[in-house]
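Chemist: The structure under discussion is supplied below as structure tokens; questions concerning it will follow.
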Amino acid sequence: MAFGVEQAKRWISIANDHIQQQKQYLTELDQAIGDGDHGLNMARGFQEVVEKIASANYEDLGSLFKDISMTLIAKVGGASGPLYGTAFLKMSLALAGKKEADDKELIAALEAALDGIKARGKANVGEKTMVDVWEPIMEFLREKGSIQAKEAALLAKEKMEHTKDLEAKKGRAAYLGKRSIGHIDPGSASSYLLFAALAEALEG
Amino acid sequence: MKYVSLVLISHSEEIVNGLKKLLNQVQPDVNIAVAGGNDGEIGTNAFRIKEAIESVFSENGVVILFDLGSALMNAELAIEMLEKTDRIAIADAPLVEGAYIAAVEAGLGKSLDEVVRACEQAKQMVKVARSEAE
């Protein structure tokens, strides 16, 4: 599998398409258990990212992911800004100087992204956050040793749906306690969209 | 700058602007910077927080107070983006009461650690004394 600047740009562009289409859905999920801004924030942030990276030329994956990170941090607001911003910042550090990443390198970069998300949000599996999607996916990819993006996306969907059964321990949803059960976590939903987009980008 | 400075972070620009006004009235000598909202909307922004820290930074130190969850993440991110980070502390305190205590203590010339400790006491502050019977 080749994962270079073009593939990475396609990934983010497809992710943006999904987020724009699902903006209302993400907002509704967040209205149920959060502050209701997830769809709007993600849509605004990723739109800015796509505009920023479309016209720019990147020598390596590191500089592309750095731009993605900085734009998300500047534009998203809410919890998803620092979380996704940190995730892409860690990817940019892991992929610095690389024109292309092989499977092992991309897995390592995604692993660094997950570590960044966990450190920033101080969250672990089972707390009804995006970690409930990221962690099992990274376990799966680590075990496979190759980017099986389609299977990973299916797993992401399953894990996103599983957050419905969990009680929120982090973020605004934690204020609801047990009343957060029965709703999908918005961050896990947007994370699923990212992994679904990665699978599509690598297929084509 | 003689005193420890304060940075106030809120999801709402109005909250921190209003709070700064209140604190200036109590203690006009302490430097206070605010980082409220995100592009005029509700939210927080790491770059804006970074600028706020830089605008009041001195060797005496900076205490950061914030309102809700994601403000903390953006504050930590802002600090990581700065070159000098050793004289910056995030206080685990309620925003209004904590900032009030911080402004008073900073104005008394207390050290960074003392200001942080004092404003974190705001968590235990009794605001309404209830009798045993209630």
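Ordering of the structure tokens sets the chain letters (A, B, ...), residue numbers begin anew at 1 in every chain, and ligands are numbered from 1 in the order given.
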Should the cut-off be 12 Å, what would the residue list for chain B against chain A look like, counting only C-alpha atoms, as a ChimeraX atom specification?
Modeler: /B:10-12,36-50,67-78,80-81
Chemist: Might you pull out every residue within 9 Å of Val5 of chain A, with only C-alpha atoms counted and same-chain residues fewer than 6 positions away left off, and present them as an MDAnalysis selection string?
Modeler: chainID A and resid 57:61 64 99:100
Chemist: For the residues in that selection, give me N, CA, C and O atoms as a tab-separated table (two decimals), in the first residue's frame.
Modeler:
```tsv
chain	number	residue	atom	x	y	z
A	57	ASN	N	1.49	22.82	-1.73
A	57	ASN	CA	2.30	21.65	-2.09
A	57	ASN	C	3.09	21.21	-0.87
A	57	ASN	O	3.66	22.04	-0.16
A	58	TYR	N	3.12	19.92	-0.66
A	58	TYR	CA	3.82	19.40	0.51
A	58	TYR	C	4.94	18.46	0.09
A	58	TYR	O	4.73	17.57	-0.74
A	59	GLU	N	6.10	18.69	0.66
A	59	GLU	CA	7.27	17.86	0.38
A	59	GLU	C	7.16	16.51	1.07
A	59	GLU	O	7.65	15.50	0.58
A	60	ASP	N	6.52	16.53	2.24
A	60	ASP	CA	6.45	15.28	3.00
A	60	ASP	C	5.13	15.21	3.78
A	60	ASP	O	4.41	16.19	3.90
A	61	LEU	N	4.85	14.03	4.29
A	61	LEU	CA	3.61	13.82	5.04
A	61	LEU	C	3.61	14.63	6.33
A	61	LEU	O	2.56	15.11	6.77
A	64	LEU	N	2.32	18.15	5.79
A	64	LEU	CA	0.88	18.13	5.51
A	64	LEU	C	0.08	17.95	6.81
A	64	LEU	O	-0.85	18.72	7.09
A	99	LYS	N	8.10	11.05	2.46
A	99	LYS	CA	7.24	11.31	1.29
A	99	LYS	C	6.13	10.28	1.21
A	99	LYS	O	5.03	10.57	0.76
A	100	GLU	N	6.46	9.08	1.65
A	100	GLU	CA	5.49	7.99	1.67
A	100	GLU	C	5.66	7.18	2.94
A	100	GLU	O	6.77	7.07	3.45
```
Chemist: Excluding Val131 of chain A and residues on its chain fewer than 4 positions from it, collect all residues at most 8 Å away from it, counting only C-alpha atoms, and give them as a list of chain:residue names.
Modeler: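 The residues that qualify are A:Leu114, A:Ile117, A:Lys118, A:Ala123, A:Asn124, A:Val125, A:Glu135, A:Ser188.
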Chemist: Write down as a PyMOL selection string the residues of segment 59-125 of chain B whose backbone DSSP state falls under alpha helix (DSSP H).
Modeler: chain B and resi 69-81+95-107+112-120
Chemist: Leaving out Ala54 of chain A and any residue of its chain fewer than 2 positions from it, which residues lie within 12 Å of it when counting only C-alpha atoms, given as a PyMOL selection string?
Modeler: chain A and resi 5-6+8-10+12-13+46-52+56-58+64+67-68
Chemist: Could you turn the residues from that selection into a file that holds C-alpha atoms, as a CSV table (one decimal), in the first residue's frame?
Modeler:
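Once everything was written out, this is part_6.csv:
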```csv
chain,number,residue,atom,x,y,z
A,5,VAL,CA,0.8,13.1,0.2
A,6,GLU,CA,-1.8,12.5,-2.5
A,8,ALA,CA,-3.4,11.6,2.7
A,9,LYS,CA,-5.0,14.6,1.0
A,10,ARG,CA,-7.7,12.3,-0.4
A,12,ILE,CA,-8.9,14.2,4.6
A,13,SER,CA,-11.0,15.4,1.6
A,46,PHE,CA,-12.5,20.2,8.3
A,47,GLN,CA,-13.7,22.6,5.6
A,48,GLU,CA,-10.9,25.0,6.6
A,49,VAL,CA,-8.4,22.2,6.5
A,50,VAL,CA,-9.5,21.1,3.0
A,51,GLU,CA,-9.2,24.6,1.7
A,52,LYS,CA,-5.9,25.1,3.3
A,56,ALA,CA,-0.5,23.9,-1.0
A,57,ASN,CA,2.3,21.7,-2.1
A,58,TYR,CA,3.8,19.4,0.5
A,64,LEU,CA,0.9,18.1,5.5
A,67,ASP,CA,-1.0,22.1,8.6
A,68,ILE,CA,-4.0,19.9,9.2
```
Chemist: Just list as a list in words whatever in segment 54-121 of chain B DSSP marks as strand (DSSP E or B).
Modeler: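 The strand (DSSP E or B) residues within segment 54-121 of chain B come out as Val62, Val63, Ile64, Leu65, Phe66, Ile88, Ala89 and Ile90 of chain B.
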Chemist: Export all heavy atoms of the chosen residues as a PDB file, in the first residue's frame?
Modeler:
```
ATOM      1  N   VAL B  62       2.622  32.993  35.805  1.00  0.00           N
ATOM      2  CA  VAL B  62       1.251  33.171  35.322  1.00  0.00           C
ATOM      3  C   VAL B  62       0.374  32.047  35.870  1.00  0.00           C
ATOM      4  O   VAL B  62       0.750  30.875  35.791  1.00  0.00           O
ATOM      5  CB  VAL B  62       1.198  33.119  33.777  1.00  0.00           C
ATOM      6  CG1 VAL B  62      -0.233  33.257  33.271  1.00  0.00           C
ATOM      7  CG2 VAL B  62       2.095  34.176  33.154  1.00  0.00           C
ATOM      8  N   VAL B  63      -0.752  32.414  36.432  1.00  0.00           N
ATOM      9  CA  VAL B  63      -1.740  31.414  36.856  1.00  0.00           C
ATOM     10  C   VAL B  63      -2.885  31.417  35.855  1.00  0.00           C
ATOM     11  O   VAL B  63      -3.416  32.475  35.519  1.00  0.00           O
ATOM     12  CB  VAL B  63      -2.317  31.717  38.252  1.00  0.00           C
ATOM     13  CG1 VAL B  63      -3.348  30.670  38.644  1.00  0.00           C
ATOM     14  CG2 VAL B  63      -1.210  31.749  39.282  1.00  0.00           C
ATOM     15  N   ILE B  64      -3.238  30.225  35.397  1.00  0.00           N
ATOM     16  CA  ILE B  64      -4.352  30.092  34.451  1.00  0.00           C
ATOM     17  C   ILE B  64      -5.563  29.530  35.183  1.00  0.00           C
ATOM     18  O   ILE B  64      -5.449  28.542  35.912  1.00  0.00           O
ATOM     19  CB  ILE B  64      -3.961  29.137  33.296  1.00  0.00           C
ATOM     20  CG1 ILE B  64      -2.786  29.725  32.503  1.00  0.00           C
ATOM     21  CG2 ILE B  64      -5.150  28.870  32.387  1.00  0.00           C
ATOM     22  CD1 ILE B  64      -2.238  28.775  31.454  1.00  0.00           C
ATOM     23  N   LEU B  65      -6.700  30.167  34.987  1.00  0.00           N
ATOM     24  CA  LEU B  65      -7.961  29.627  35.513  1.00  0.00           C
ATOM     25  C   LEU B  65      -8.917  29.422  34.343  1.00  0.00           C
ATOM     26  O   LEU B  65      -8.931  30.218  33.409  1.00  0.00           O
ATOM     27  CB  LEU B  65      -8.565  30.584  36.532  1.00  0.00           C
ATOM     28  CG  LEU B  65      -7.735  30.707  37.819  1.00  0.00           C
ATOM     29  CD1 LEU B  65      -7.141  32.093  37.936  1.00  0.00           C
ATOM     30  CD2 LEU B  65      -8.565  30.361  39.037  1.00  0.00           C
ATOM     31  N   PHE B  66      -9.708  28.360  34.406  1.00  0.00           N
ATOM     32  CA  PHE B  66     -10.573  28.030  33.265  1.00  0.00           C
ATOM     33  C   PHE B  66     -11.949  27.577  33.741  1.00  0.00           C
ATOM     34  O   PHE B  66     -12.128  27.248  34.915  1.00  0.00           O
ATOM     35  CB  PHE B  66      -9.928  26.945  32.399  1.00  0.00           C
ATOM     36  CG  PHE B  66      -9.819  25.604  33.086  1.00  0.00           C
ATOM     37  CD1 PHE B  66     -10.788  24.632  32.893  1.00  0.00           C
ATOM     38  CD2 PHE B  66      -8.762  25.340  33.946  1.00  0.00           C
ATOM     39  CE1 PHE B  66     -10.696  23.402  33.539  1.00  0.00           C
ATOM     40  CE2 PHE B  66      -8.662  24.108  34.601  1.00  0.00           C
ATOM     41  CZ  PHE B  66      -9.626  23.145  34.387  1.00  0.00           C
ATOM     42  N   ILE B  88       4.437  28.779  34.456  1.00  0.00           N
ATOM     43  CA  ILE B  88       3.013  28.838  34.115  1.00  0.00           C
ATOM     44  C   ILE B  88       2.296  27.692  34.825  1.00  0.00           C
ATOM     45  O   ILE B  88       2.713  26.540  34.712  1.00  0.00           O
ATOM     46  CB  ILE B  88       2.803  28.696  32.587  1.00  0.00           C
ATOM     47  CG1 ILE B  88       3.601  29.772  31.850  1.00  0.00           C
ATOM     48  CG2 ILE B  88       1.321  28.787  32.230  1.00  0.00           C
ATOM     49  CD1 ILE B  88       3.712  29.527  30.366  1.00  0.00           C
ATOM     50  N   ALA B  89       1.254  28.014  35.574  1.00  0.00           N
ATOM     51  CA  ALA B  89       0.542  26.969  36.309  1.00  0.00           C
ATOM     52  C   ALA B  89      -0.947  27.051  36.020  1.00  0.00           C
ATOM     53  O   ALA B  89      -1.528  28.137  35.936  1.00  0.00           O
ATOM     54  CB  ALA B  89       0.785  27.138  37.800  1.00  0.00           C
ATOM     55  N   ILE B  90      -1.562  25.883  35.844  1.00  0.00           N
ATOM     56  CA  ILE B  90      -3.017  25.826  35.687  1.00  0.00           C
ATOM     57  C   ILE B  90      -3.615  25.509  37.051  1.00  0.00           C
ATOM     58  O   ILE B  90      -3.237  24.517  37.674  1.00  0.00           O
ATOM     59  CB  ILE B  90      -3.421  24.747  34.667  1.00  0.00           C
ATOM     60  CG1 ILE B  90      -2.769  25.028  33.302  1.00  0.00           C
ATOM     61  CG2 ILE B  90      -4.939  24.678  34.532  1.00  0.00           C
ATOM     62  CD1 ILE B  90      -3.028  23.951  32.259  1.00  0.00           C
TER      63      ILE B  90
END
```
Chemist: Name the closest residue to Leu26 of chain A among the candidates A:Ile107, A:Leu93, A:Leu193, A:Ala199; distances are taken between atoms, counting only C-alpha atoms.
Modeler: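 Nearest candidate to Leu26 of chain A out of A:Ile107, A:Leu93, A:Leu193, A:Ala199: A:Leu193.
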Chemist: Extract, using only C-alpha atoms, all DNA, RNA and protein residues at most 8 Å from Ile137 of chain A, discarding same-chain residues fewer than 5 positions from it, and format them as an mmCIF file with all heavy atoms, in the first residue's frame.
Modeler:
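Heads up, here's the output in around_32.cif:
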```cif
data_model
loop_
_atom_site.group_PDB
_atom_site.id
_atom_site.type_symbol
_atom_site.label_atom_id
_atom_site.label_comp_id
_atom_site.auth_asym_id
_atom_site.auth_seq_id
_atom_site.Cartn_x
_atom_site.Cartn_y
_atom_site.Cartn_z
ATOM 1 N N ALA A 152 -10.929 -2.354 9.346
ATOM 2 C CA ALA A 152 -10.800 -1.391 10.441
ATOM 3 C C ALA A 152 -12.020 -0.476 10.490
ATOM 4 O O ALA A 152 -12.531 -0.158 11.566
ATOM 5 C CB ALA A 152 -9.522 -0.574 10.277
ATOM 6 N N LEU A 155 -14.915 -2.338 11.962
ATOM 7 C CA LEU A 155 -14.711 -2.425 13.406
ATOM 8 C C LEU A 155 -15.032 -1.084 14.070
ATOM 9 O O LEU A 155 -15.646 -1.036 15.143
ATOM 10 C CB LEU A 155 -13.260 -2.837 13.688
ATOM 11 C CG LEU A 155 -12.868 -3.038 15.154
ATOM 12 C CD1 LEU A 155 -13.655 -4.180 15.788
ATOM 13 C CD2 LEU A 155 -11.357 -3.318 15.266
ATOM 14 N N ALA A 156 -14.637 -0.008 13.413
ATOM 15 C CA ALA A 156 -14.892 1.339 13.960
ATOM 16 C C ALA A 156 -16.391 1.560 14.120
ATOM 17 O O ALA A 156 -16.857 2.122 15.114
ATOM 18 C CB ALA A 156 -14.279 2.398 13.055
#
```
Chemist: Using only C-alpha atoms, which residues sit within 9 Å of Lys90 of chain A once same-chain residues fewer than 6 positions away are excluded, as number ranges by chain?
Modeler: A: 65-66, 69, 109-116
Chemist: Quick one: residues within 8 Å of Ala52 of chain B, only C-alpha atoms, excluding same-chain residues fewer than 6 positions away - as number ranges by chain?
Modeler: B: 7, 33-35
Chemist: Do you have the atom CA of Lys123 of chain B-atom CA of Ala103 of chain B distance handy?
Modeler: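 So the answer is 15.9 Å.
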Chemist: Record the distance separating atom CA of Ile147 of chain A and atom CA of Gly4 of chain A, expressed in Å with one decimal.
Modeler: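 These two atoms are separated by 13.9 Å.
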